[in-house]
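To start, the structure itself, in structure tokens.
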Amino acid sequence: MKKTFTLLLFLVLALTSVAQDTNRHVRKGWTFGVLPSVAYDADLGLQYGALTNIYYFGDGSTYPEYLHSFYAEAAYTTKHFGIFRFAYDSKHLIPKHRLSIDLTYLPDQMCDFYGFNGYQSDYIAAYSNQDDPAYISRAYYKYRRDLFRFSADLQGDIHRPWYWNAGIGLLHFDVGPVDIDRLNSYTKKEENRLPDTVSLFAYYVRDGYISVAEAGGGSHPYLHGGITYDTRDRLQNPTRGIHTDAFFTYYAGFGNISGYNNLKFNFNWRHYISLYSDRLILAYRLGTQLTLAGNSPFYLNTYLNQLYMQRVVYEGLGGANSVRGIMRNRILAPGVAFANVELRTRVASLKVGKNMFYLGLVPFLDAGMVVQPYRPVCQDPHLSGPTADDGFFGDHGVYRPHLGGGLGVKVAMNDNFVLSVDWATAFNHQDNGKFSNLYIKMGYMF
């Protein structure tokens with residue numbers, strides 16, 4: 001509790017410094033600041049590092065809109081997940097077009113892997129619980145996944161509120177078993193050392209559910225394009241409007257993964273409804289990612305495609321950015337769908353100097369499900385076991401929704417800077433061995 005309180009205080013102080021800067025006189029020329037990169041994620045642990053955002057406002061005539069934005073971040077988490085990112089954004093480099101460039105490296109020494117098709121793969125919490133007699137290893141449901149990402153995306157007007165989008169990029173995945181020796185070198189306590197045992201990922205490779213070609217990862221250059229419809233009253237914390245996009249992404253594969261070219265389709269619908277001024281907002285999001293053609297390697301199915309990058313992590317279904325309370329990557333399949341519903345309330349407001357603060361409470365419900373399962377289905381009882389009757393859902397519950405829900409607390413300054421503390425739980429023990437899951441981040445989830 002003391003660590004959580006210290007983290008919250010640290011984030012509030014950091015936000016205050018930024019909020020105060022944005023409320024001064026009209027900005028001209030260059031402005032920048034260095035802030036701590038601090039967050040907490042039930043799946044990734046405590047994040048620590050630093051970030052900076054450099055803005056160029058020119059003669060100030062476009063303020064508060066910037067002419068150019070440069071963002072850099074370097075951080076690491078206590079569960080061995082790294083963030084190293086540079087991003088550029090501008091609506092003025094190319095007149096009447098928005099250009100976004102992202103260059104990111106995300107090393108992950110303990111990436112989650114719970115098998116294919118959601119409920120069709122049993123999750124046995126005891127296997128990674130050191131206090132249980134059935135304990136195998138804390139790394140049993142893990143593998144190593146390092147991701148290098150580059151993207152360059154362009155957006156232009158069709159006829160407002162319609163926009164077109166196009167972009168190119170590269171995703172390079174370096175995949176393999178957890179490096180047990182490396183992780184053990186971080187600790188001197190014998191009880192914290194990982195045993196050198198076989199993981200679920202290794203069983204999938206051994207039995208051919210993950211092919212030898214995809215077991216080591218690979219490089220996937222891509223092209224994507226689509227359309228956006230946006231009637232939100234503001235970009236940050238909207239109170240009304242619709243923001244939706246539909247787009248296609250073609251991934252190529254070379255060398256050992258030349259057989260893994262594929263075409264994916266994404267659709268996202270976000271709707272914001274004012275029930276009472278800006279004090280009570282119903283916000284919901286519906287989305288899907290489908291593989292329309294070709295073969296998609298398992299590691300590419302852990303990534304949710306985006307038309308342009310707005311944050312660092314776009315993990316597959318489960319976790320802070322998609323289905324809270326559900327373990328990260330719990331729902332892994334070639335095609336998935338998800339939904340989020342939030343009731344955003346403002347319970348108190350306060351003005352301090354030139355800054356407006358408000359406290360919000362946000363009950364929420366999240367859901368995700370498989371809509372395109374892997375075939376053939378894994379039949380080894382050590383790897384996968386039925387958890388439900390065929391019934392309406394078929395295939396031992398593969399199409400059954402995974403549900404999570406909870407309550408969020410939001411501390412906002414000037415509507416632009418929001419400290420978000422979400423508590424969530426999974427509705428089924430197969431989706432998480434922990435009842436309580438805490439996520440402390442910046443901004444609303446959508």
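By order of appearance in the structure tokens: chains A, B, ..., then residues from 1 within every chain, and ligands from 1 in the order shown.
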At a cut-off of 8 Å, using only C-alpha atoms, what residues contact A:Asn416? Leave out same-chain residues fewer than 2 positions from it and give the result as a ChimeraX atom specification.
/A:236-237,412-414,418
What are the DSSP strand (DSSP E) residues of stretch 211-312 of chain A, as a ChimeraX atom specification?
/A:217-230,241-251,262-276,280-294
Would you kindly return, as a PyMOL selection string, each protein, DNA or RNA residue with an atom no farther than 12 Å from any atom of A:Gly433, considering only C-alpha atoms and excluding same-chain residues fewer than 5 positions away?
chain A and resi 42-43+123-129+325-327+330+425-428
Residues at most 9 Å from A:Gln306, counting only C-alpha atoms, excluding those fewer than 4 positions away in the same chain, as number ranges by chain?
A: 247, 266, 310, 314
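Summary of the local environment: counting only C-alpha atoms, residues at most 9 Å from stretch 440-444 of chain A, other than itself and those fewer than 3 positions away along its chain, are Leu7, Leu8, Val38, Ala39, Tyr40, Asp41, Ala42, Gln236, Asn237, Ala320, Lys410, Ala412, Asn416, Phe417, Val418, Leu419, Ser420, Val421, Asp422 and Trp423 of chain A.
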Quick one: pull the distance between atom CA of A:Ile168 and atom CA of A:Leu99, Å, one decimal.
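Value for the atom CA of A:Ile168-atom CA of A:Leu99 distance: 11.8 Å.
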